[in-house]
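Shown here: entry23.txt, compact mmCIF, C-alpha atoms.
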# COMPACT_ATOMS: atom_id res chain seq x y z
CA MET H 71 -3.02 20.94 22.31
CA ALA H 72 -4.73 18.05 24.05
CA GLN H 73 -4.37 14.30 23.70
CA THR H 74 -8.11 14.28 23.19
CA GLN H 75 -9.76 15.86 20.17
CA ASP H 76 -13.33 16.86 19.42
CA ILE H 77 -14.66 15.31 16.24
CA GLU H 78 -17.90 15.32 14.29
CA LEU H 79 -18.70 12.71 11.68
CA VAL H 80 -21.71 11.09 10.07
CA VAL H 81 -22.08 7.39 10.81
CA ASN H 82 -24.78 5.51 8.89
CA GLY H 83 -26.54 8.81 8.27
CA GLU H 84 -26.46 9.95 11.88
CA THR H 85 -24.28 12.86 12.99
CA ILE H 86 -22.02 11.92 15.88
CA GLN H 87 -20.10 14.40 18.02
CA ALA H 88 -17.50 13.10 20.42
CA SER H 89 -14.31 13.86 22.24
CA VAL H 90 -11.85 11.05 21.52
CA PRO H 91 -8.32 10.18 22.60
CA VAL H 92 -6.03 10.68 19.59
CA ARG H 93 -4.71 7.11 19.88
CA THR H 94 -8.17 5.59 19.40
CA ASN H 95 -8.55 3.97 16.02
CA LEU H 96 -11.74 4.32 14.03
CA VAL H 97 -13.12 0.82 14.60
CA ASP H 98 -12.55 0.99 18.37
CA PHE H 99 -14.28 4.38 18.39
CA LEU H 100 -17.27 2.99 16.52
CA ARG H 101 -17.53 -0.03 18.79
CA ASP H 102 -16.72 1.47 22.18
CA HIS H 103 -17.91 5.07 21.88
CA VAL H 104 -20.74 4.87 19.34
CA GLY H 105 -21.91 1.39 20.32
CA LEU H 106 -21.83 -0.05 16.80
CA THR H 107 -20.24 -3.43 17.44
CA GLY H 108 -20.89 -4.84 13.97
CA SER H 109 -17.40 -4.00 12.69
CA HIS H 110 -15.05 -6.56 14.16
CA VAL H 111 -11.53 -6.14 15.46
CA GLY H 112 -9.25 -8.98 14.43
CA CYS H 113 -5.56 -8.40 14.04
CA GLU H 114 -5.23 -4.59 14.42
CA GLN H 115 -2.51 -4.75 11.77
CA GLY H 116 -4.55 -4.43 8.60
CA VAL H 117 -4.04 -8.07 7.68
CA CYS H 118 -7.32 -9.83 8.47
CA GLY H 119 -9.85 -7.39 6.98
CA ALA H 120 -12.52 -7.97 9.65
CA CYS H 121 -12.73 -4.21 10.41
CA THR H 122 -13.14 -3.13 6.78
CA LEU H 123 -15.75 -0.39 6.46
CA GLU H 124 -16.56 2.53 4.19
CA VAL H 125 -15.23 6.05 4.73
CA ASP H 126 -16.19 8.73 2.21
CA GLY H 127 -17.16 6.15 -0.37
CA VAL H 128 -14.07 3.92 -0.23
CA ALA H 129 -13.39 0.73 1.70
CA VAL H 130 -10.71 1.17 4.37
CA ARG H 131 -9.32 -0.75 7.30
CA GLY H 132 -11.05 0.63 10.39
CA CYS H 133 -8.04 -0.32 12.51
CA LEU H 134 -5.54 1.58 10.34
CA MET H 135 -7.18 4.97 10.64
CA LEU H 136 -7.47 7.11 13.74
CA ALA H 137 -10.92 8.25 14.77
CA VAL H 138 -9.67 11.87 14.63
CA GLN H 139 -8.84 11.33 10.96
CA ALA H 140 -12.50 10.57 10.27
CA ASN H 141 -13.46 14.05 11.46
CA GLY H 142 -15.89 15.45 8.89
CA SER H 143 -16.25 12.10 7.09
CA GLN H 144 -19.20 9.93 6.11
CA VAL H 145 -18.80 6.45 7.56
CA THR H 146 -20.85 3.37 6.70
CA THR H 147 -20.59 0.24 8.85
CA ILE H 148 -22.30 -3.13 8.49
CA GLU H 149 -25.20 -1.66 10.49
CA GLY H 150 -25.74 0.84 7.65
CA VAL H 151 -25.24 -1.26 4.52
CA SER H 152 -28.90 -2.21 4.17
CA ALA H 153 -29.62 1.40 3.21
CA LYS H 154 -28.20 0.46 -0.20
CA LEU H 155 -29.75 -2.05 -2.56
CA VAL H 156 -26.43 -3.80 -3.16
CA GLY H 157 -25.95 -4.09 0.60
CA ARG H 158 -29.33 -5.76 1.04
CA GLN H 159 -28.69 -8.06 -1.91
CA LEU H 160 -25.35 -9.16 -0.47
CA GLN H 161 -26.82 -9.75 2.98
CA ARG H 162 -29.52 -11.95 1.47
CA ALA H 163 -27.07 -13.76 -0.82
CA PHE H 164 -24.68 -14.49 2.06
CA VAL H 165 -27.52 -16.18 3.94
CA GLU H 166 -28.81 -18.06 0.90
CA HIS H 167 -25.37 -19.40 0.00
CA ASN H 168 -24.26 -20.19 3.56
CA ALA H 169 -21.46 -17.67 3.06
CA LEU H 170 -20.96 -17.32 6.79
CA GLN H 171 -20.60 -19.64 9.70
CA CYS H 172 -19.25 -17.81 12.76
CA GLY H 173 -19.81 -14.44 11.07
CA PHE H 174 -16.66 -12.79 12.35
CA CYS H 175 -15.36 -11.89 8.89
CA THR H 176 -18.77 -11.11 7.39
CA PRO H 177 -18.94 -7.32 8.00
CA GLY H 178 -15.56 -6.89 6.30
CA MET H 179 -16.45 -9.34 3.51
CA ILE H 180 -19.63 -7.38 2.80
CA ALA H 181 -17.77 -4.04 2.78
CA SER H 182 -15.14 -5.35 0.36
CA SER H 183 -17.81 -7.00 -1.81
CA ILE H 184 -19.84 -3.77 -2.00
CA GLU H 185 -16.74 -1.93 -3.22
CA TYR H 186 -16.06 -4.63 -5.83
CA ILE H 187 -19.61 -4.58 -7.17
CA GLU H 188 -19.93 -0.78 -7.12
CA GLN H 189 -16.71 -0.50 -9.14
CA GLY H 190 -18.34 -2.63 -11.81
CA GLY H 191 -16.43 -5.80 -10.95
CA ALA H 192 -17.06 -8.74 -13.26
CA SER H 193 -18.72 -12.02 -12.33
CA ASP H 194 -15.30 -13.64 -12.50
CA ARG H 195 -14.39 -15.93 -9.64
CA ALA H 196 -10.65 -15.27 -9.90
CA ALA H 197 -11.15 -11.49 -9.87
CA ILE H 198 -13.55 -11.71 -6.93
CA ARG H 199 -11.08 -13.89 -5.01
CA GLU H 200 -8.33 -11.41 -5.72
CA HIS H 201 -10.44 -8.50 -4.51
CA LEU H 202 -11.43 -10.38 -1.35
CA SER H 203 -7.90 -11.67 -0.76
CA GLY H 204 -7.43 -9.05 1.96
CA ASN H 205 -10.27 -10.54 4.02
CA TYR H 206 -9.65 -13.68 6.05
CA CYS H 207 -12.39 -16.23 6.67
CA ARG H 208 -11.49 -19.24 8.83
CA CYS H 209 -14.79 -21.15 8.42
CA THR H 210 -16.21 -21.31 4.93
CA GLY H 211 -13.23 -21.94 2.70
CA TYR H 212 -14.33 -18.89 0.68
CA GLN H 213 -16.17 -20.96 -1.94
CA SER H 214 -19.60 -19.98 -0.69
CA ILE H 215 -18.59 -16.34 -0.20
CA VAL H 216 -17.53 -16.14 -3.84
CA ASP H 217 -20.80 -17.92 -4.77
CA ALA H 218 -22.77 -15.21 -2.96
CA VAL H 219 -20.93 -12.33 -4.65
CA VAL H 220 -21.26 -14.00 -8.06
CA SER H 221 -24.99 -14.46 -7.55
CA VAL H 222 -25.51 -10.75 -6.79
CA ILE H 223 -23.53 -9.70 -9.87
CA ASP H 224 -25.30 -12.23 -12.09
CA LYS H 225 -28.68 -10.94 -11.02
CA GLY H 226 -27.39 -7.61 -12.37
CA ALA H 227 -29.60 -5.48 -10.18
CA ALA H 228 -26.64 -3.93 -8.43
CA ALA H 229 -25.75 -1.50 -11.21
CA MET B 36 -2.40 -4.04 21.70
CA LYS B 37 -3.38 -0.40 21.30
CA ALA B 38 -1.38 2.59 20.11
CA PRO B 39 0.48 4.62 22.76
CA ASP B 40 -0.90 7.92 24.01
CA ILE B 41 -0.01 10.54 21.41
CA LEU B 42 -0.47 14.18 20.52
CA TYR B 43 -1.91 15.14 17.16
CA GLU B 44 -1.33 17.96 14.72
CA CYS B 45 -3.07 18.33 11.39
CA PRO B 46 -1.24 21.04 9.40
CA GLN B 47 -3.04 22.55 6.42
CA THR B 48 0.08 23.50 4.43
CA VAL B 49 3.50 21.94 3.79
CA ALA B 50 5.07 25.05 5.35
CA GLU B 51 3.17 24.38 8.58
CA ALA B 52 4.09 20.69 8.47
CA VAL B 53 7.85 21.27 8.12
CA ALA B 54 7.69 23.99 10.80
CA LEU B 55 6.17 21.40 13.16
CA LEU B 56 8.88 18.88 12.22
CA SER B 57 11.66 21.36 13.00
CA ASP B 58 10.03 22.04 16.37
CA ASP B 59 11.95 21.62 19.67
CA GLY B 60 12.96 18.26 21.05
CA ARG B 61 9.65 16.44 20.59
CA PHE B 62 9.63 13.16 18.67
CA CYS B 63 7.40 14.11 15.75
CA GLN B 64 6.27 11.45 13.33
CA PRO B 65 4.63 12.33 10.01
CA LEU B 66 1.51 10.22 9.36
CA ALA B 67 0.75 9.63 5.68
CA GLY B 68 -1.63 6.80 4.75
CA GLY B 69 -0.94 5.02 8.04
CA GLN B 70 -1.06 1.54 6.54
CA SER B 71 2.33 0.66 8.04
CA LEU B 72 2.65 3.25 10.81
CA MET B 73 -0.68 2.35 12.44
CA PRO B 74 0.24 -1.35 12.84
CA MET B 75 3.67 -0.29 14.10
CA MET B 76 2.03 1.91 16.72
CA HIS B 77 -0.40 -0.86 17.69
CA LEU B 78 2.56 -3.19 18.16
CA ARG B 79 4.43 -0.38 20.01
CA LEU B 80 7.27 -0.67 17.53
CA ALA B 81 6.67 3.03 16.93
CA GLN B 82 5.98 5.30 19.90
CA PRO B 83 6.07 8.88 18.65
CA GLU B 84 5.13 11.78 20.93
CA VAL B 85 3.39 13.79 18.23
CA LEU B 86 1.73 12.65 15.03
CA ILE B 87 1.88 15.15 12.19
CA ASP B 88 -1.06 14.10 10.02
CA LEU B 89 -0.29 14.91 6.38
CA ASN B 90 -3.72 13.97 5.05
CA ALA B 91 -4.95 17.56 4.78
CA LEU B 92 -2.05 18.55 2.51
CA ALA B 93 -3.84 18.75 -0.84
CA GLU B 94 -0.72 20.35 -2.34
CA LEU B 95 1.04 16.96 -2.07
CA ASP B 96 -1.72 15.14 -3.96
CA PHE B 97 -0.83 15.59 -7.64
CA ILE B 98 0.40 13.65 -10.68
CA GLU B 99 1.71 15.83 -13.47
CA GLN B 100 3.95 15.69 -16.49
CA VAL B 101 6.71 18.28 -16.87
CA ASP B 102 8.56 17.65 -20.14
CA ASP B 103 10.12 14.17 -19.84
CA THR B 104 9.41 13.84 -16.13
CA ILE B 105 6.39 12.49 -14.31
CA HIS B 106 6.13 14.27 -10.99
CA VAL B 107 4.10 12.53 -8.28
CA GLY B 108 3.19 14.15 -4.96
CA SER B 109 3.96 12.14 -1.84
CA MET B 110 0.33 11.96 -0.67
CA VAL B 111 -0.93 10.28 -3.85
CA ARG B 112 -2.63 7.04 -2.83
CA TYR B 113 -2.00 3.68 -4.50
CA THR B 114 -5.54 3.50 -5.85
CA THR B 115 -5.05 6.89 -7.53
CA LEU B 116 -1.78 5.69 -9.09
CA LEU B 117 -3.48 2.50 -10.25
CA ASN B 118 -6.19 4.51 -12.00
CA SER B 119 -3.86 7.14 -13.50
CA GLU B 120 -3.52 7.21 -17.28
CA LEU B 121 -0.29 9.25 -16.97
CA ILE B 122 1.25 6.56 -14.79
CA ARG B 123 0.06 3.74 -17.03
CA ARG B 124 1.51 5.38 -20.12
CA HIS B 125 4.72 6.88 -18.79
CA VAL B 126 5.66 4.89 -15.65
CA PRO B 127 4.58 1.38 -16.70
CA LEU B 128 6.83 -0.36 -14.16
CA MET B 129 4.81 1.32 -11.41
CA SER B 130 1.60 0.00 -12.97
CA LEU B 131 3.04 -3.52 -13.10
CA SER B 132 3.91 -3.37 -9.41
CA LEU B 133 0.77 -1.79 -7.94
CA PRO B 134 -1.52 -4.85 -8.05
CA HIS B 135 0.99 -6.55 -5.74
CA VAL B 136 0.80 -3.80 -3.13
CA ALA B 137 -1.40 -5.14 -0.32
CA HIS B 138 -5.16 -5.22 -0.87
CA SER B 139 -7.77 -2.80 -2.14
CA ALA B 140 -8.75 -1.34 1.24
CA VAL B 141 -5.08 -0.72 2.05
CA ARG B 142 -4.37 0.75 -1.39
CA ASN B 143 -7.24 3.18 -0.83
CA ARG B 144 -5.27 4.78 2.03
CA GLY B 145 -1.59 3.95 1.49
CA THR B 146 0.57 6.58 -0.22
CA ILE B 147 3.67 6.49 -2.41
CA GLY B 148 5.43 8.98 -0.13
CA GLY B 149 4.66 6.98 2.98
CA SER B 150 6.10 3.80 1.52
CA THR B 151 9.16 5.70 0.28
CA ALA B 152 9.85 7.37 3.63
CA LEU B 153 9.29 4.14 5.58
CA ALA B 154 11.74 2.17 3.37
CA ASP B 155 10.48 -1.28 4.29
CA PRO B 156 12.92 -3.63 2.55
CA ALA B 157 10.08 -5.96 1.48
CA ALA B 158 7.93 -3.20 -0.03
CA GLU B 159 7.50 -2.71 -3.77
CA MET B 160 7.79 1.06 -4.08
CA PRO B 161 11.43 1.49 -2.99
CA ALA B 162 12.52 -1.14 -5.55
CA VAL B 163 10.45 0.49 -8.30
CA LEU B 164 11.93 3.91 -7.50
CA LYS B 165 15.43 2.51 -7.60
CA ALA B 166 14.87 0.54 -10.82
CA LEU B 167 13.62 3.71 -12.50
CA ASN B 168 16.40 5.93 -11.18
CA ALA B 169 13.74 8.15 -9.64
CA VAL B 170 14.56 11.30 -7.70
CA ILE B 171 13.05 11.94 -4.28
CA VAL B 172 12.30 15.58 -3.50
CA ALA B 173 12.60 16.21 0.23
CA VAL B 174 11.45 19.44 1.82
CA SER B 175 12.31 21.14 5.08
CA GLN B 176 12.23 24.70 6.37
CA SER B 177 15.45 25.30 4.44
CA GLY B 178 13.67 24.44 1.19
CA PRO B 179 13.61 21.48 -1.19
CA ARG B 180 16.45 19.00 -1.78
CA GLU B 181 16.70 16.28 -4.43
CA ILE B 182 18.04 12.83 -3.55
CA SER B 183 18.52 10.00 -6.06
CA ALA B 184 16.83 6.70 -5.18
CA ASP B 185 20.30 5.07 -5.22
CA ASP B 186 21.33 7.30 -2.32
CA PHE B 187 17.97 7.49 -0.55
CA PHE B 188 17.47 3.90 0.65
CA GLN B 189 20.12 2.98 3.21
CA GLY B 190 18.84 0.06 5.28
CA ILE B 191 15.84 -1.34 7.16
CA TYR B 192 13.60 1.72 7.66
CA GLU B 193 16.72 3.84 7.05
CA THR B 194 16.76 6.62 4.48
CA ALA B 195 18.71 9.77 3.66
CA LEU B 196 15.78 11.83 4.93
CA GLY B 197 16.64 14.19 7.80
CA ASP B 198 14.50 14.37 10.96
CA ASP B 199 13.20 17.77 9.84
CA GLU B 200 12.43 16.67 6.26
CA LEU B 201 9.31 15.35 4.55
CA VAL B 202 9.09 13.52 1.24
CA HIS B 203 7.46 16.19 -0.91
CA SER B 204 7.29 14.31 -4.21
CA ILE B 205 9.00 11.86 -6.51
CA LYS B 206 10.23 12.52 -10.05
CA PHE B 207 10.20 9.66 -12.55
CA PRO B 208 11.80 9.82 -15.99
CA ALA B 209 9.02 9.16 -18.52
CA ALA B 210 9.53 5.82 -20.28
CA THR B 211 10.88 5.92 -23.84
CA ASP B 212 9.53 3.78 -26.67
CA GLN B 213 12.56 1.47 -26.52
CA GLN B 214 12.48 0.89 -22.78
CA ARG B 215 10.99 -2.28 -21.34
CA PHE B 216 10.09 -3.20 -17.79
CA GLY B 217 9.59 -6.34 -15.78
CA PHE B 218 8.19 -7.06 -12.35
CA TYR B 219 7.57 -10.27 -10.44
CA GLU B 220 7.16 -11.21 -6.82
CA LEU B 221 6.45 -14.29 -4.75
CA ALA B 222 4.37 -13.87 -1.59
CA ARG B 223 2.60 -16.40 0.61
CA ARG B 224 -0.75 -14.77 -0.17
CA HIS B 225 -1.43 -12.29 -2.96
CA GLY B 226 -0.83 -8.82 -1.56
CA ASP B 227 1.32 -9.90 1.36
CA TYR B 228 4.88 -8.73 1.69
CA ALA B 229 7.17 -10.44 -0.79
CA MET B 230 9.36 -13.37 0.15
CA ALA B 231 11.34 -12.25 -2.89
CA GLY B 232 10.57 -9.86 -5.71
CA VAL B 233 12.31 -8.00 -8.50
CA ALA B 234 11.79 -4.81 -10.49
CA VAL B 235 13.66 -4.53 -13.79
CA SER B 236 14.09 -1.68 -16.24
CA ALA B 237 16.02 -1.89 -19.51
CA GLN B 238 16.88 0.71 -22.12
CA SER B 239 16.22 -2.06 -24.64
CA ILE B 240 15.74 -5.84 -24.50
CA ASN B 241 16.82 -7.09 -27.89
CA PRO B 242 19.66 -6.89 -27.20
CA TYR B 243 19.47 -6.19 -23.47
CA THR B 244 21.06 -2.80 -22.70
CA GLY B 245 21.08 -0.43 -19.76
CA LEU B 246 19.50 -2.83 -17.27
CA ARG B 247 18.71 -1.98 -13.68
CA ILE B 248 17.75 -5.10 -11.72
CA ILE B 249 16.52 -4.39 -8.19
CA PHE B 250 15.47 -7.12 -5.76
CA PHE B 251 13.25 -6.51 -2.74
CA GLY B 252 12.34 -8.63 0.26
CA VAL B 253 15.76 -10.29 0.19
CA ALA B 254 18.09 -7.85 1.96
CA ASP B 255 18.04 -4.84 4.29
CA GLN B 256 17.21 -2.52 1.39
CA PRO B 257 16.30 -2.67 -2.30
CA LEU B 258 19.27 -4.56 -3.68
CA ARG B 259 20.78 -3.82 -7.10
CA ALA B 260 22.22 -6.85 -8.89
CA THR B 261 24.95 -5.32 -11.06
CA GLY B 262 26.53 -8.72 -11.74
CA ALA B 263 23.27 -10.01 -13.22
CA GLU B 264 22.92 -6.82 -15.26
CA ALA B 265 26.43 -7.30 -16.68
CA ALA B 266 25.69 -10.95 -17.51
CA LEU B 267 22.72 -9.94 -19.63
CA GLU B 268 24.13 -6.78 -21.24
CA GLY B 269 24.40 -7.22 -25.00
CA SER B 270 22.71 -10.62 -25.23
CA MET B 271 19.44 -11.16 -27.01
CA PHE B 272 15.96 -11.27 -25.48
CA LYS B 273 15.18 -14.56 -23.66
CA ASP B 274 18.71 -15.89 -24.30
CA GLU B 275 18.74 -18.90 -21.97
CA PRO B 276 22.52 -19.07 -21.26
CA ALA B 277 22.61 -15.33 -20.48
CA ILE B 278 19.63 -15.62 -18.12
CA LEU B 279 21.24 -18.60 -16.39
CA GLU B 280 24.47 -16.63 -16.04
CA ALA B 281 22.50 -13.71 -14.57
CA GLN B 282 20.74 -16.04 -12.11
CA ASN B 283 24.13 -17.29 -10.95
CA ALA B 284 25.51 -13.78 -10.58
CA LEU B 285 23.17 -12.59 -7.81
CA PRO B 286 24.79 -10.78 -4.86
CA ALA B 287 23.93 -13.71 -2.56
CA ASP B 288 26.34 -12.59 0.18
CA GLU B 289 24.21 -9.49 0.69
CA PHE B 290 20.98 -11.46 1.11
CA THR B 291 19.43 -11.77 4.57
CA GLY B 292 16.80 -14.27 5.72
CA ASP B 293 13.67 -13.48 7.68
CA VAL B 294 11.16 -15.39 9.81
CA GLY B 295 10.43 -18.60 7.92
CA VAL B 296 12.51 -17.90 4.82
CA SER B 297 16.21 -18.71 4.95
CA VAL B 298 18.91 -16.99 2.92
CA ASP B 299 19.28 -20.06 0.72
CA THR B 300 15.56 -20.09 -0.01
CA LYS B 301 15.63 -16.37 -0.79
CA VAL B 302 18.48 -16.83 -3.24
CA GLN B 303 16.55 -19.61 -4.98
CA LEU B 304 13.34 -17.53 -5.06
CA ALA B 305 15.30 -14.54 -6.39
CA LYS B 306 16.53 -16.66 -9.31
CA VAL B 307 12.95 -17.66 -10.04
CA VAL B 308 11.50 -14.15 -9.93
CA LEU B 309 14.35 -12.77 -12.05
CA LYS B 310 13.74 -15.31 -14.81
CA ARG B 311 9.97 -14.81 -14.76
CA ALA B 312 10.33 -11.02 -14.84
CA LEU B 313 12.82 -11.17 -17.73
CA LEU B 314 10.68 -13.52 -19.81
CA ALA B 315 7.61 -11.32 -19.38
CA MET B 316 9.29 -8.05 -20.43
Write out the structure in this file as structure tokens.
Amino acid sequence: MAQTQDIELVVNGETIQASVPVRTNLVDFLRDHVGLTGSHVGCEQGVCGACTLEVDGVAVRGCLMLAVQANGSQVTTIEGVSAKLVGRQLQRAFVEHNALQCGFCTPGMIASSIEYIEQGGASDRAAIREHLSGNYCRCTGYQSIVDAVVSVIDKGAAA
Amino acid sequence: MKAPDILYECPQTVAEAVALLSDDGRFCQPLAGGQSLMPMMHLRLAQPEVLIDLNALAELDFIEQVDDTIHVGSMVRYTTLLNSELIRRHVPLMSLSLPHVAHSAVRNRGTIGGSTALADPAAEMPAVLKALNAVIVAVSQSGPREISADDFFQGIYETALGDDELVHSIKFPAATDQQRFGFYELARRHGDYAMAGVAVSAQSINPYTGLRIIFFGVADQPLRATGAEAALEGSMFKDEPAILEAQNALPADEFTGDVGVSVDTKVQLAKVVLKRALLAM
């Protein structure tokens, strides 16, 4: 038994093999070992949501999962979301609605928004706010972020 | 901060997992959903030598009905519970509480067994288990053992679970037609830990009979308010004097404050959540 483990996972469609220290969490692995610095590390306690990304089709906190636990998984980070139509629509809508200023929260906001839309979430501001309540933004006041998500749902092309 | 250097085991069966737990003198820590343990490791509040990752144990991922009991495996995630028709129909108090458990991305990983074994006094699950008189099935190399929720939760992160035991599953009595349930919590932000919350079950509400009123986030463990239950017993639904009497019969001397919320504030918030939960039953 070693304190390092060999893992193999698919990140944004690309197979990655690596030997990682067990204590390394998934978002640190993606940033420091794979070089994908789009997912941000905020609080490391699961509170801020900046590291939210997709593992095997569900949104998770990248800081609350060990890299070794992603062995055999399919991971999508902000660098990979434009492979999906809904990802591209959200990216465009965030720009059009000024839904980001510093951009620190944006990768997590997009990951949580993709999950909301893919689950058939309604164009209901209160429901969108509730779904995004686990993602902190310190710039925009959220109004424009909700505007962006609403606009994508209202266009209806995400289904 | 980052997690301490740790060893990692990923057993494929419960038998392997409990064998690892009974192993020598190493400090082994089971890892369920990790939504509390990972932050605790990052903050170095938890520094285990060996993580026993339970996420490969498919045999602990089940929800089934056996006669009048709903049996839930410890590795069932909150999102699965939230989407379960069996839970919605037969354990409605659980369904009332789940939207208050953290946020979607956390519910996608967090497990009922993890929350139960951790016994965070501000968490929803321990209070729900206690309000429903649930039974926790623990397993070790010596076999399974059943522990009532009343006996299981013993203090802050303290349970009746032995060092060599895992939470295998939880048994809930299926709700009867007469039973009613209430749940309410106040948190600074939706999904955050409660400043005060309450889970209520009643055999009937008009009149109130067989109440179990369990507060969370106000003491070192889920706190049963037997005085409030007695004040309501026999009175009619929404009876204002009885509710007022119940609010004034809270076990305030057992309340403890936390960072930013004093005991007095918690007592006041507990009165508020109790009334709101009762009126919505």
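With all atoms listed in the file taken into account, the protein and nucleic acid residues at most 9 Å from Val117 (chain H) (excluding it and anything under 5 positions from it in its own chain) are Gly112, Gly204, Asn205 and Tyr206 of chain H; Ala137 and Asp227 of chain B.
Excluding Arg311 (chain B) itself and same-chain residues fewer than 2 positions from it, the residues having an atom within 10 Å of it are B:Gly217, B:Phe218, B:Tyr219, B:Glu220, B:Val233, B:Ala305, B:Lys306, B:Val307, B:Val308, B:Leu309, B:Leu313, B:Leu314, B:Ala315, B:Met316, counting only C-alpha atoms.
Between Ser143 (chain H) and the residues H:Glu124, H:Asp76, H:Asp102, H:Glu185, the shortest atom-to-atom distance, using only C-alpha atoms, involves H:Glu124.
In this structure, CA of Pro156 (chain B) sits 17.3 Å away from CA of Arg247 (chain B).
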Each chain B residue no farther than 7 Å from chain H, nearest pair in Å, only C-alpha atoms, as a tab-separated table:
residue	atom	partner	partner_atom	distance
B:Ala38	CA	H:Arg93	CA	5.6
B:Pro39	CA	H:Arg93	CA	6.4
B:Asp40	CA	H:Arg93	CA	5.7
B:Ile41	CA	H:Arg93	CA	6.0
B:Leu42	CA	H:Gln73	CA	5.0
B:Tyr43	CA	H:Val92	CA	6.5
B:Gly69	CA	H:Leu134	CA	6.2
B:Gln70	CA	H:Leu134	CA	5.9
B:Met73	CA	H:Leu134	CA	5.4
B:Pro74	CA	H:Gln115	CA	4.5
B:His77	CA	H:Glu114	CA	6.9
B:His138	CA	H:Gly204	CA	5.3
B:Ser139	CA	H:His201	CA	6.7
B:Ala140	CA	H:Val130	CA	4.5
B:Val141	CA	H:Val130	CA	6.4
B:Asn143	CA	H:Val130	CA	6.6
B:Arg144	CA	H:Val130	CA	6.9
B:His225	CA	H:Ser203	CA	6.9
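Distance-wise, CA of Ala50 (chain B) and CA of Gln176 (chain B) end up 7.2 Å apart.
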d(CA of Gly68 (chain B), CA of Gly145 (chain B)) in Å: 4.3 Å
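Among the candidate residues B:Leu267, B:Val294, B:Met76, B:Val85, the one lying nearest to Arg61 (chain B) is B:Val85, with distances computed using all atoms listed in the file.
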Extract, using all atoms listed in the file, all DNA, RNA and protein residues at most 9 Å from Gly150 (chain H), discarding same-chain residues fewer than 4 positions from it, and format them as a PDB file with C-alpha atoms, in the coordinates of the input.
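Saved result, selection_9.pdb, follows:
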ATOM      1  CA  VAL H  81     -22.080   7.390  10.810  1.00  0.00           C
ATOM      2  CA  ASN H  82     -24.780   5.510   8.890  1.00  0.00           C
ATOM      3  CA  GLY H  83     -26.540   8.810   8.270  1.00  0.00           C
ATOM      4  CA  VAL H 145     -18.800   6.450   7.560  1.00  0.00           C
ATOM      5  CA  THR H 146     -20.850   3.370   6.700  1.00  0.00           C
ATOM      6  CA  LYS H 154     -28.200   0.460  -0.200  1.00  0.00           C
ATOM      7  CA  GLY H 157     -25.950  -4.090   0.600  1.00  0.00           C
TER       8      GLY H 157
END
Within 9 Å of Leu246 (chain B), counting only C-alpha atoms, which residues qualify if same-chain residues fewer than 4 places away don't, as a VMD selection string? chain B and resid 166 235 to 240 261 264 to 265 267 to 268
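Distances here use all atoms listed in the file; by that measure, the residue among H:Ile180, H:Cys175, H:Leu160, H:Leu170 closest to Gln213 (chain H) is H:Leu170.
For Leu66 (chain B), the set of protein, DNA and RNA residues having any atom at most 6 Å away, when counting all atoms listed in the file and skipping those fewer than 3 positions along the same chain, is Gly69, Ile87, Asp88 and Leu89 of chain B.
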Take the residues from that selection and write them out as a PDB file, in the frame of the given file, keeping C-alpha atoms.
ATOM      1  CA  GLY B  69      -0.940   5.020   8.040  1.00  0.00           C
ATOM      2  CA  ILE B  87       1.880  15.150  12.190  1.00  0.00           C
ATOM      3  CA  ASP B  88      -1.060  14.100  10.020  1.00  0.00           C
ATOM      4  CA  LEU B  89      -0.290  14.910   6.380  1.00  0.00           C
TER       5      LEU B  89
END
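Among the candidate residues B:Leu196, B:Leu258, B:Met271, B:Ala312, the one lying nearest to Pro286 (chain B) is B:Leu258, with distances computed using only C-alpha atoms.
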Taking the point (-2.1, -4.0, 19.6) as given in the file, collect each protein or nucleic acid residue that comes within 6 Å of it, counting all atoms listed in the file, and present the set as a compact mmCIF listing (two decimals) with C-alpha atoms, in the frame of the given file.
# COMPACT_ATOMS: atom_id res chain seq x y z
CA MET B 36 -2.40 -4.04 21.70
CA LYS B 37 -3.38 -0.40 21.30
CA HIS B 77 -0.40 -0.86 17.69
CA LEU B 78 2.56 -3.19 18.16
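The closest residue to Val172 (chain B), picked from B:Pro127, B:Gly108, B:Gly292, B:Gly226 and counting only C-alpha atoms, is B:Gly108.
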Could you pull region 215-220 of chain B out of the block above and give me N, CA and C atoms, as a tab-separated table (two decimals), in the first residue's frame?
chain	number	residue	atom	x	y	z
B	215	ARG	N	-48.79	12.45	10.92
B	215	ARG	CA	-48.46	13.71	10.26
B	215	ARG	C	-47.06	14.12	10.67
B	216	PHE	N	-46.43	14.92	9.82
B	216	PHE	CA	-45.03	15.28	10.05
B	216	PHE	C	-44.82	16.77	9.79
B	217	GLY	N	-43.89	17.34	10.52
B	217	GLY	CA	-43.55	18.74	10.31
B	217	GLY	C	-42.05	18.93	10.34
B	218	PHE	N	-41.59	19.91	9.59
B	218	PHE	CA	-40.15	20.19	9.56
B	218	PHE	C	-39.96	21.66	9.27
B	219	TYR	N	-39.07	22.31	10.00
B	219	TYR	CA	-38.76	23.71	9.70
B	219	TYR	C	-37.37	24.02	10.22
B	220	GLU	N	-36.63	24.80	9.46
B	220	GLU	CA	-35.34	25.24	9.98
B	220	GLU	C	-35.03	26.66	9.53
